[in-house]
file entry-v2.csv (CSV, C-alpha atoms and all ligand atoms)
chain,number,residue,atom,x,y,z
A,27,MET,CA,81.0,104.2,103.4
A,28,VAL,CA,82.1,102.1,100.4
A,29,GLY,CA,79.1,99.8,100.5
A,30,LYS,CA,76.7,102.7,100.8
A,31,VAL,CA,78.2,104.8,98.0
A,32,LEU,CA,78.4,101.8,95.6
A,33,LYS,CA,74.9,100.8,96.3
A,34,GLU,CA,73.5,104.3,95.9
A,35,LEU,CA,75.4,104.8,92.6
A,36,LYS,CA,74.6,101.3,91.5
A,37,ALA,CA,78.3,101.1,90.6
A,38,ARG,CA,79.3,97.7,92.1
A,39,ASP,CA,80.3,96.3,88.8
A,40,GLN,CA,82.5,99.3,88.0
A,41,ALA,CA,84.6,99.0,91.1
A,42,ILE,CA,87.4,96.7,92.1
A,43,ILE,CA,86.8,96.0,95.8
A,44,ALA,CA,89.5,94.5,98.0
A,45,THR,CA,89.0,93.5,101.6
A,46,LYS,CA,91.7,92.5,104.2
A,47,VAL,CA,90.8,89.8,106.7
A,48,PRO,CA,93.2,89.4,109.6
A,49,PRO,CA,94.0,85.7,110.2
A,50,GLY,CA,94.5,86.3,113.9
A,51,ARG,CA,97.8,86.6,115.8
A,52,PRO,CA,100.2,83.7,115.4
A,53,GLU,CA,100.2,83.0,119.2
A,54,MET,CA,96.4,82.8,119.1
A,55,ILE,CA,96.0,80.7,116.0
A,56,ASP,CA,98.6,78.3,117.3
A,57,GLN,CA,96.0,77.3,119.9
A,58,MET,CA,93.2,76.9,117.4
A,59,GLY,CA,92.5,73.9,115.2
A,60,ASP,CA,92.5,74.2,111.4
A,61,LYS,CA,88.7,74.0,111.3
A,62,LEU,CA,88.2,76.8,113.7
A,63,ILE,CA,90.8,79.0,111.9
A,64,GLU,CA,88.9,78.4,108.7
A,65,GLU,CA,85.5,79.1,110.2
A,66,GLU,CA,86.5,82.2,112.0
A,67,PHE,CA,88.2,83.6,108.9
A,68,LEU,CA,85.2,82.9,106.7
A,69,ALA,CA,82.9,84.5,109.3
A,70,ARG,CA,85.0,87.6,109.2
A,71,LEU,CA,84.8,87.7,105.4
A,72,ASP,CA,81.0,87.4,105.6
A,73,GLN,CA,81.0,90.4,108.1
A,74,SER,CA,83.0,92.4,105.6
A,75,LEU,CA,80.7,91.5,102.7
A,76,ALA,CA,77.7,92.5,104.8
A,77,ARG,CA,79.3,95.9,105.6
A,78,LEU,CA,80.2,96.3,101.9
A,79,GLN,CA,76.6,95.4,100.9
A,80,THR,CA,77.8,93.0,98.2
A,81,ASP,CA,78.0,89.2,97.8
A,82,HIS,CA,81.6,89.2,96.6
A,83,VAL,CA,84.9,91.1,96.7
A,84,ASP,CA,87.3,91.2,93.8
A,85,ILE,CA,90.3,90.7,96.0
A,86,LEU,CA,90.5,88.9,99.4
A,87,TYR,CA,93.7,89.5,101.3
A,88,LEU,CA,95.0,87.6,104.3
A,89,HIS,CA,95.9,90.7,106.3
A,90,GLY,CA,99.3,91.6,107.8
A,91,ILE,CA,101.4,88.6,106.9
A,92,GLY,CA,105.0,88.9,108.1
A,93,ASP,CA,106.2,85.3,107.9
A,94,PRO,CA,105.8,82.8,105.1
A,95,GLU,CA,104.9,80.1,107.7
A,96,MET,CA,101.5,81.9,108.0
A,97,LEU,CA,101.0,81.3,104.2
A,98,LYS,CA,101.2,77.5,104.8
A,99,ARG,CA,98.5,77.2,107.5
A,100,PRO,CA,96.0,74.6,106.4
A,101,GLY,CA,93.1,76.4,108.0
A,102,LEU,CA,93.8,79.6,106.2
A,103,LEU,CA,94.5,77.9,102.9
A,104,ALA,CA,91.2,76.0,103.2
A,105,ALA,CA,89.4,79.3,103.9
A,106,ILE,CA,90.7,81.2,100.9
A,107,ASP,CA,90.1,78.2,98.7
A,108,LYS,CA,86.5,78.1,99.9
A,109,ALA,CA,86.1,81.8,99.4
A,110,LYS,CA,87.2,81.4,95.8
A,111,LYS,CA,85.0,78.3,95.2
A,112,THR,CA,81.9,80.0,96.6
A,113,LYS,CA,82.7,83.1,94.5
A,114,LYS,CA,82.9,85.3,97.5
A,115,ALA,CA,86.3,86.3,96.3
A,116,SER,CA,87.5,86.4,92.7
A,117,PHE,CA,91.2,86.7,93.6
A,118,VAL,CA,93.1,85.9,96.7
A,119,GLY,CA,96.4,87.2,98.2
A,120,PHE,CA,97.9,88.8,101.2
A,121,SER,CA,99.1,92.1,102.6
A,122,THR,CA,102.5,92.4,104.0
A,123,HIS,CA,104.5,95.2,105.7
A,124,ARG,CA,107.1,93.2,107.5
A,125,GLY,CA,109.2,90.3,106.2
A,126,MET,CA,108.0,91.4,102.7
A,127,SER,CA,110.9,89.9,100.7
A,128,GLU,CA,110.5,86.4,102.3
A,129,CYS,CA,106.8,86.4,101.9
A,130,LEU,CA,107.0,87.5,98.2
A,131,GLU,CA,109.7,84.9,97.5
A,132,PHE,CA,107.5,82.2,98.9
A,133,ALA,CA,104.5,83.4,97.0
A,134,ALA,CA,106.4,83.5,93.7
A,135,GLN,CA,107.3,79.8,94.2
A,136,ASP,CA,104.0,78.7,95.7
A,137,GLY,CA,101.6,79.7,92.9
A,138,ARG,CA,98.5,80.0,95.0
A,139,TYR,CA,98.3,83.8,95.4
A,140,ASP,CA,97.0,86.1,92.7
A,141,VAL,CA,97.7,89.5,94.4
A,142,ILE,CA,100.0,90.9,97.0
A,143,LEU,CA,99.6,94.2,98.8
A,144,THR,CA,103.1,95.2,99.8
A,145,SER,CA,104.8,98.1,101.5
A,146,ILE,CA,107.1,99.8,99.0
A,147,ASN,CA,108.4,103.3,99.0
A,148,TYR,CA,111.3,105.5,98.1
A,149,SER,CA,113.0,104.8,101.4
A,150,MET,CA,113.5,101.2,100.2
A,151,TYR,CA,115.1,102.2,96.9
A,152,ASP,CA,118.3,100.3,97.9
A,153,ASP,CA,116.6,97.2,99.4
A,154,GLN,CA,117.7,94.8,96.7
A,155,ALA,CA,116.2,91.7,98.5
A,156,LEU,CA,112.8,93.3,98.3
A,157,LEU,CA,113.1,94.7,94.8
A,158,GLN,CA,114.3,91.3,93.5
A,159,ALA,CA,111.5,89.4,95.3
A,160,MET,CA,109.0,91.8,93.8
A,161,LYS,CA,110.4,91.2,90.3
A,162,LYS,CA,110.1,87.4,90.9
A,163,ALA,CA,106.5,87.7,92.1
A,164,ALA,CA,105.6,89.9,89.2
A,165,ALA,CA,107.3,87.4,86.8
A,166,ALA,CA,105.2,84.6,88.4
A,167,GLY,CA,102.1,86.5,87.4
A,168,ILE,CA,101.2,88.0,90.7
A,169,GLY,CA,99.7,91.5,90.7
A,170,LEU,CA,101.6,93.7,93.1
A,171,VAL,CA,99.7,96.6,94.8
A,172,ALA,CA,101.9,99.1,96.4
A,173,MET,CA,101.0,100.6,99.8
A,174,LYS,CA,102.8,103.0,102.2
A,175,THR,CA,103.9,104.6,99.0
A,176,GLN,CA,104.6,108.1,100.4
A,177,CYS,CA,106.5,106.8,103.4
A,178,LYS,CA,105.1,110.0,104.9
A,179,GLN,CA,106.8,112.6,106.8
A,180,ALA,CA,108.1,111.7,110.2
A,181,TRP,CA,111.6,110.9,109.0
A,182,TYR,CA,111.6,114.1,106.9
A,183,ARG,CA,110.2,116.3,109.7
A,184,GLU,CA,112.7,115.0,112.1
A,185,ALA,CA,115.7,115.2,109.8
A,186,GLN,CA,115.3,118.1,107.4
A,187,PRO,CA,116.3,121.7,107.9
A,188,ALA,CA,113.3,124.1,107.8
A,189,GLU,CA,114.1,125.7,104.5
A,190,THR,CA,114.1,122.6,102.4
A,191,LYS,CA,111.3,121.1,104.4
A,192,LYS,CA,109.1,124.0,103.4
A,193,PHE,CA,110.0,123.7,99.7
A,194,TYR,CA,109.1,120.1,99.5
A,195,GLU,CA,105.8,120.1,101.4
A,196,GLY,CA,102.6,119.3,99.6
A,197,ASP,CA,102.1,118.1,96.0
A,198,ILE,CA,105.8,117.8,95.2
A,199,TRP,CA,106.2,115.3,98.0
A,200,HIS,CA,103.2,113.3,97.2
A,201,GLY,CA,103.6,113.3,93.4
A,202,ALA,CA,107.3,112.4,93.4
A,203,LEU,CA,107.0,109.5,95.8
A,204,LEU,CA,103.8,108.0,94.4
A,205,LYS,CA,105.2,108.2,90.9
A,206,TRP,CA,108.4,106.6,92.0
A,207,ALA,CA,106.5,103.6,93.3
A,208,LEU,CA,104.3,103.4,90.2
A,209,HIS,CA,107.4,103.5,87.9
A,210,LEU,CA,108.6,100.2,89.3
A,211,GLU,CA,108.0,97.6,86.6
A,212,SER,CA,106.8,95.0,89.1
A,213,VAL,CA,104.1,97.3,90.5
A,214,THR,CA,100.6,97.0,89.0
A,215,THR,CA,98.9,99.8,91.0
A,216,ALA,CA,99.0,101.6,94.3
A,217,VAL,CA,96.7,102.4,97.2
A,218,PRO,CA,98.2,105.6,98.7
A,219,GLY,CA,95.3,105.9,101.1
A,220,TYR,CA,93.5,109.1,101.9
A,221,THR,CA,92.6,110.6,105.3
A,222,THR,CA,91.9,114.1,103.9
A,223,PHE,CA,90.6,115.7,100.7
A,224,GLU,CA,94.0,117.5,100.5
A,225,GLN,CA,95.8,114.1,100.2
A,226,LEU,CA,93.3,112.9,97.6
A,227,GLU,CA,93.8,116.1,95.5
A,228,ALA,CA,97.6,115.7,95.7
A,229,ASP,CA,97.5,112.1,94.6
A,230,TRP,CA,94.7,112.0,92.1
A,231,PRO,CA,96.5,113.7,89.1
A,232,VAL,CA,99.2,111.0,89.3
A,233,ALA,CA,96.6,108.5,88.0
A,234,PHE,CA,96.6,110.5,84.7
A,235,ASN,CA,100.3,111.5,84.3
A,236,LEU,CA,103.3,109.6,85.6
A,237,ASP,CA,105.9,112.0,84.2
A,238,TYR,CA,108.0,113.7,86.9
A,239,THR,CA,107.9,117.5,87.1
A,240,PRO,CA,111.2,119.3,87.4
A,241,ASP,CA,110.6,119.9,91.1
A,242,GLU,CA,109.8,116.2,91.7
A,243,VAL,CA,113.1,115.2,90.0
A,244,LYS,CA,114.9,117.7,92.2
A,245,PHE,CA,113.2,116.3,95.3
A,246,LEU,CA,114.2,112.7,94.5
A,247,ALA,CA,117.8,113.6,93.7
A,248,ASP,CA,118.2,115.9,96.7
A,249,ARG,CA,121.2,114.6,98.8
A,250,ASP,CA,119.5,115.8,102.0
A,251,VAL,CA,116.3,113.9,101.2
A,252,ARG,CA,118.2,110.8,100.4
A,253,LEU,CA,120.2,111.1,103.6
A,254,ALA,CA,117.0,111.6,105.6
A,255,LEU,CA,115.6,108.4,104.2
A,256,GLY,CA,117.8,106.6,106.8
A,257,ASN,CA,115.3,107.9,109.3
A,258,ALA,CA,112.3,106.2,107.5
A,259,CYS,CA,111.1,103.0,109.1
A,260,ARG,CA,111.2,100.0,106.8
A,261,GLN,CA,109.6,97.6,109.3
A,262,CYS,CA,112.7,95.5,109.0
A,263,GLY,CA,112.3,94.2,112.6
A,264,GLY,CA,115.9,95.1,113.5
A,265,CYS,CA,114.8,96.8,116.7
A,266,ALA,CA,112.6,94.0,117.9
A,267,VAL,CA,115.0,92.7,120.5
A,268,SER,CA,116.3,96.1,121.7
A,269,CYS,CA,113.6,96.8,124.2
A,270,PRO,CA,114.3,95.3,127.6
A,271,SER,CA,110.6,95.0,128.3
A,272,GLY,CA,109.9,93.0,125.2
A,273,ALA,CA,107.7,95.6,123.5
A,274,ASP,CA,106.8,95.0,119.9
A,275,VAL,CA,108.8,98.1,118.8
A,276,PRO,CA,108.3,97.8,115.0
A,277,SER,CA,104.5,97.6,115.4
A,278,LEU,CA,104.5,100.6,117.8
A,279,VAL,CA,106.5,102.6,115.3
A,280,ARG,CA,104.0,101.6,112.6
A,281,ALA,CA,101.1,102.7,114.8
A,282,HIS,CA,102.8,106.0,115.4
A,283,MET,CA,103.1,106.4,111.6
A,284,TYR,CA,99.3,106.1,111.1
A,285,ALA,CA,98.7,108.8,113.7
A,286,ALA,CA,101.5,111.3,113.0
A,287,ASP,CA,101.9,110.9,109.3
A,288,TYR,CA,98.5,109.9,107.9
A,289,GLY,CA,96.4,111.6,110.7
A,290,ASN,CA,94.5,108.3,110.7
A,291,PHE,CA,93.7,107.6,114.3
A,292,PRO,CA,91.4,104.6,113.8
A,293,GLU,CA,94.1,102.8,111.8
A,294,MET,CA,96.6,103.6,114.7
A,295,ARG,CA,94.1,102.1,117.1
A,296,ARG,CA,93.7,99.0,114.9
A,297,ALA,CA,97.5,98.6,114.7
A,298,LEU,CA,97.8,98.9,118.5
A,299,ASP,CA,95.0,96.4,119.0
A,300,GLU,CA,96.9,93.8,116.9
A,301,ILE,CA,99.8,93.8,119.4
A,302,PRO,CA,99.5,91.4,122.3
A,303,THR,CA,98.7,93.7,125.3
A,304,ALA,CA,101.8,93.0,127.3
A,305,ARG,CA,104.0,93.9,124.3
A,306,GLY,CA,102.0,97.0,123.3
A,307,LEU,CA,101.9,100.5,124.6
A,308,GLN,CA,101.2,99.2,128.0
A,309,ALA,CA,104.8,98.0,128.2
A,310,CYS,CA,106.0,101.6,127.6
A,311,THR,CA,103.7,103.2,130.2
A,312,GLY,CA,105.9,103.8,133.2
A,313,CYS,CA,109.1,103.2,131.3
A,314,GLY,CA,111.3,106.3,131.6
A,315,GLU,CA,113.8,106.8,128.8
A,316,CYS,CA,113.2,104.6,125.8
A,317,ARG,CA,116.2,102.3,125.1
A,318,ALA,CA,114.9,100.7,122.0
A,319,ALA,CA,117.3,101.2,119.1
A,320,CYS,CA,116.9,101.3,115.3
A,321,VAL,CA,119.5,99.7,113.1
A,322,ARG,CA,119.0,102.5,110.6
A,323,GLY,CA,118.5,105.7,112.5
A,324,VAL,CA,114.8,106.0,113.2
A,325,GLN,CA,114.3,108.1,116.3
A,326,ILE,CA,112.3,105.5,118.1
A,327,SER,CA,112.3,107.1,121.5
A,328,ARG,CA,110.9,110.4,120.0
A,329,ARG,CA,108.1,108.5,118.1
A,330,LEU,CA,107.1,106.4,121.1
A,331,ALA,CA,107.1,109.6,123.3
A,332,GLU,CA,104.6,111.1,120.8
A,333,LEU,CA,102.6,107.9,120.7
A,334,LYS,CA,102.4,107.9,124.5
A,335,ALA,CA,101.5,111.6,124.5
A,336,ILE,CA,98.4,110.8,122.4
A,337,PHE,CA,97.1,108.6,125.2
A,338,ALA,CA,98.3,110.8,128.1
B,1,LIG,S1,112.5,101.3,113.7
B,1,LIG,FE1,114.4,100.8,112.5
B,1,LIG,S2,115.0,98.7,113.2
B,1,LIG,FE2,112.8,99.1,113.8
B,1,LIG,S3,111.6,98.2,112.2
B,1,LIG,FE3,111.8,100.4,111.7
B,1,LIG,S4,113.7,100.5,110.4
B,1,LIG,FE4,113.7,98.5,111.4
B,2,LIG,S1,109.6,103.0,126.0
B,2,LIG,FE1,110.5,101.3,127.2
B,2,LIG,S2,109.1,99.6,127.0
B,2,LIG,FE2,108.7,101.1,125.3
B,2,LIG,S3,109.9,100.4,123.6
B,2,LIG,FE3,111.1,102.0,124.7
B,2,LIG,S4,112.4,100.8,126.2
B,2,LIG,FE4,110.7,99.4,125.4
call {"tool": "encode", "arguments": {"input": "entry-v2.csv", "output": "structure tokens", "more": "lines below"}}
Ligand code: SF4
Ligand code: SF4
result
Amino acid sequence: MVGKVLKELKARDQAIIATKVPPGRPEMIDQMGDKLIEEEFLARLDQSLARLQTDHVDILYLHGIGDPEMLKRPGLLAAIDKAKKTKKASFVGFSTHRGMSECLEFAAQDGRYDVILTSINYSMYDDQALLQAMKKAAAAGIGLVAMKTQCKQAWYREAQPAETKKFYEGDIWHGALLKWALHLESVTTAVPGYTTFEQLEADWPVAFNLDYTPDEVKFLADRDVRLALGNACRQCGGCAVSCPSGADVPSLVRAHMYAADYGNFPEMRRALDEIPTARGLQACTGCGECRAACVRGVQISRRLAELKAIFA
């Protein structure tokens, strides 16, 4: 869609295009030599450029980095260096929605990365490790792009009484949370992501006015809302060892989020496909009562039951 629209409008030079290329799962790339890692990554970049109908992207992200070790892989470093040298990418970086503070700390020291696409939202307002790491990265000259900014509604739907839930639906919700992320000094911009025109219309005015409305101030200060934030998944990985079958619980919860909160089923499918089969939804099929436990209060069993129901 992006490639077609930009071509028809002849607007390539007026747009900043980013693409995310997955480096491959760690257990897979452990078995590949550096040369193969580099070649496969660059081949996937070429496929992306072909789909976008352009010869370069402005930002190339290593996609889904959750461990700084991945940012040291010689094959990946060679690939992003080559992408820059051949002018297929103007700036390079990575996206992260797990282990964010460790990855950001590493990047701030490393000096190789220009841009980082990081999860950050109001449910993380007290995550000092992440907020400090973001400050360090920004001080090192790295552009921070915020994603998962609205932390969406599963935690709220599950935790809020009906009266307040009704009051906060719609524009108040989207405006308050998107503005909160954009008010962080370390954040350069945000990619809230749209699945519907309704979401686009709720977010778009924020680009022109970051001032909170009285209702948005009320929402952010609401004690019930702040209490309910405990039910928002931060992708901290704390539940990773709680499943007796070894399922990748944080990734399953994230896949649920794409479906239930964004209504984005293709993204849910992609998130599920990134999980090794034996640790994905297959592990949960035939499992009765979910015993996975969150360190914060996320109702994992409820969310995984909903995820399983989608495939029933
Ligand atoms: S479900 Fe809870 S423990 Fe698991 S990643 Fe999310 S916040 Fe962390
Ligand atoms: S449903 Fe079963 S297999 Fe799936 S996460 Fe819960 S305990 Fe693990």
call {"tool": "atom_distance", "arguments": {"input": "entry-v2.csv", "atom1": "atom FE4 of ligand LIG 2 (chain B)", "atom2": "CA of Ala318 in chain A"}}
result
5.6 Å
call {"tool": "closest_residue", "arguments": {"input": "entry-v2.csv", "among": "A:Arg249, A:Arg138, A:Lys110, A:Arg317", "to": "ligand LIG 2 (chain B)", "atoms": "all atoms listed in the file"}}
result
A:Arg317
call {"tool": "residues_near_ligand", "arguments": {"input": "entry-v2.csv", "ligand": "ligand LIG 1 (chain B)", "cutoff": "8 Å", "atoms": "all atoms listed in the file", "output": "list in words"}}
result
Asn257, Ala258, Cys259, Arg260, Gln261, Cys262, Gly263, Gly264, Cys265, Ala266, Val275, Pro276, Ser277, Val279, Arg280, Ala319, Cys320, Val321, Arg322, Gly323, Val324, Gln325 and Ile326 of chain A
call {"tool": "write_last_selection", "arguments": {"input": "entry-v2.csv", "atoms": "C-alpha atoms", "output": "tab-separated table (two decimals), in the coordinates of the input"}}
result
chain	number	residue	atom	x	y	z
A	257	ASN	CA	115.30	107.90	109.30
A	258	ALA	CA	112.30	106.20	107.50
A	259	CYS	CA	111.10	103.00	109.10
A	260	ARG	CA	111.20	100.00	106.80
A	261	GLN	CA	109.60	97.60	109.30
A	262	CYS	CA	112.70	95.50	109.00
A	263	GLY	CA	112.30	94.20	112.60
A	264	GLY	CA	115.90	95.10	113.50
A	265	CYS	CA	114.80	96.80	116.70
A	266	ALA	CA	112.60	94.00	117.90
A	275	VAL	CA	108.80	98.10	118.80
A	276	PRO	CA	108.30	97.80	115.00
A	277	SER	CA	104.50	97.60	115.40
A	279	VAL	CA	106.50	102.60	115.30
A	280	ARG	CA	104.00	101.60	112.60
A	319	ALA	CA	117.30	101.20	119.10
A	320	CYS	CA	116.90	101.30	115.30
A	321	VAL	CA	119.50	99.70	113.10
A	322	ARG	CA	119.00	102.50	110.60
A	323	GLY	CA	118.50	105.70	112.50
A	324	VAL	CA	114.80	106.00	113.20
A	325	GLN	CA	114.30	108.10	116.30
A	326	ILE	CA	112.30	105.50	118.10
call {"tool": "residues_around", "arguments": {"input": "entry-v2.csv", "residues": "Gln176 in chain A", "least_positions_apart": "4", "cutoff": "8 Å", "atoms": "all atoms listed in the file", "output": "list in words"}}
result
Asn147, Tyr148, Trp199, His200, Leu203, Leu204 and Pro218 of chain A
call {"tool": "closest_atom_pairs", "arguments": {"input": "entry-v2.csv", "of": "chain A", "to": "ligand LIG 2 (chain B)", "cutoff": "10 Å", "atoms": "all atoms listed in the file", "output": "Markdown table"}}
result
| residue | atom | partner | partner_atom | distance |
| --- | --- | --- | --- | --- |
| A:Cys265 | CA | B:LIG2 | S3 | 9.2 |
| A:Ala266 | CA | B:LIG2 | S3 | 9.0 |
| A:Val267 | CA | B:LIG2 | FE4 | 9.3 |
| A:Ser268 | CA | B:LIG2 | FE4 | 7.5 |
| A:Cys269 | CA | B:LIG2 | FE4 | 4.1 |
| A:Pro270 | CA | B:LIG2 | FE4 | 5.9 |
| A:Ser271 | CA | B:LIG2 | S2 | 5.0 |
| A:Gly272 | CA | B:LIG2 | FE4 | 6.5 |
| A:Ala273 | CA | B:LIG2 | FE4 | 5.2 |
| A:Asp274 | CA | B:LIG2 | S3 | 7.2 |
| A:Val275 | CA | B:LIG2 | S3 | 5.4 |
| A:Pro276 | CA | B:LIG2 | S3 | 9.1 |
| A:Leu278 | CA | B:LIG2 | S3 | 7.9 |
| A:Val279 | CA | B:LIG2 | S3 | 9.2 |
| A:Ala304 | CA | B:LIG2 | S2 | 9.8 |
| A:Arg305 | CA | B:LIG2 | S2 | 8.1 |
| A:Gly306 | CA | B:LIG2 | FE2 | 8.1 |
| A:Leu307 | CA | B:LIG2 | FE2 | 6.9 |
| A:Gln308 | CA | B:LIG2 | S2 | 8.0 |
| A:Ala309 | CA | B:LIG2 | S2 | 4.7 |
| A:Cys310 | CA | B:LIG2 | FE2 | 3.6 |
| A:Thr311 | CA | B:LIG2 | S2 | 7.2 |
| A:Gly312 | CA | B:LIG2 | FE1 | 8.0 |
| A:Cys313 | CA | B:LIG2 | FE1 | 4.7 |
| A:Gly314 | CA | B:LIG2 | FE1 | 6.7 |
| A:Glu315 | CA | B:LIG2 | S1 | 6.3 |
| A:Cys316 | CA | B:LIG2 | FE3 | 3.5 |
| A:Arg317 | CA | B:LIG2 | S4 | 4.2 |
| A:Ala318 | CA | B:LIG2 | FE3 | 4.8 |
| A:Ala319 | CA | B:LIG2 | FE3 | 8.4 |
| A:Ile326 | CA | B:LIG2 | FE3 | 7.6 |
| A:Ser327 | CA | B:LIG2 | FE3 | 6.1 |
| A:Arg328 | CA | B:LIG2 | S1 | 9.6 |
| A:Arg329 | CA | B:LIG2 | FE3 | 9.7 |
| A:Leu330 | CA | B:LIG2 | S1 | 6.5 |
| A:Ala331 | CA | B:LIG2 | S1 | 7.6 |
| A:Lys334 | CA | B:LIG2 | S1 | 8.8 |
call {"tool": "residues_around", "arguments": {"input": "entry-v2.csv", "residues": "Glu128 in chain A", "least_positions_apart": "5", "cutoff": "12 Å", "atoms": "only C-alpha atoms", "output": "JSON, numbers by chain"}}
result
{"A": [91, 92, 93, 94, 95, 96, 97, 122, 123, 133, 134, 135, 144, 155, 156, 157, 158, 159, 160, 162, 163, 262]}
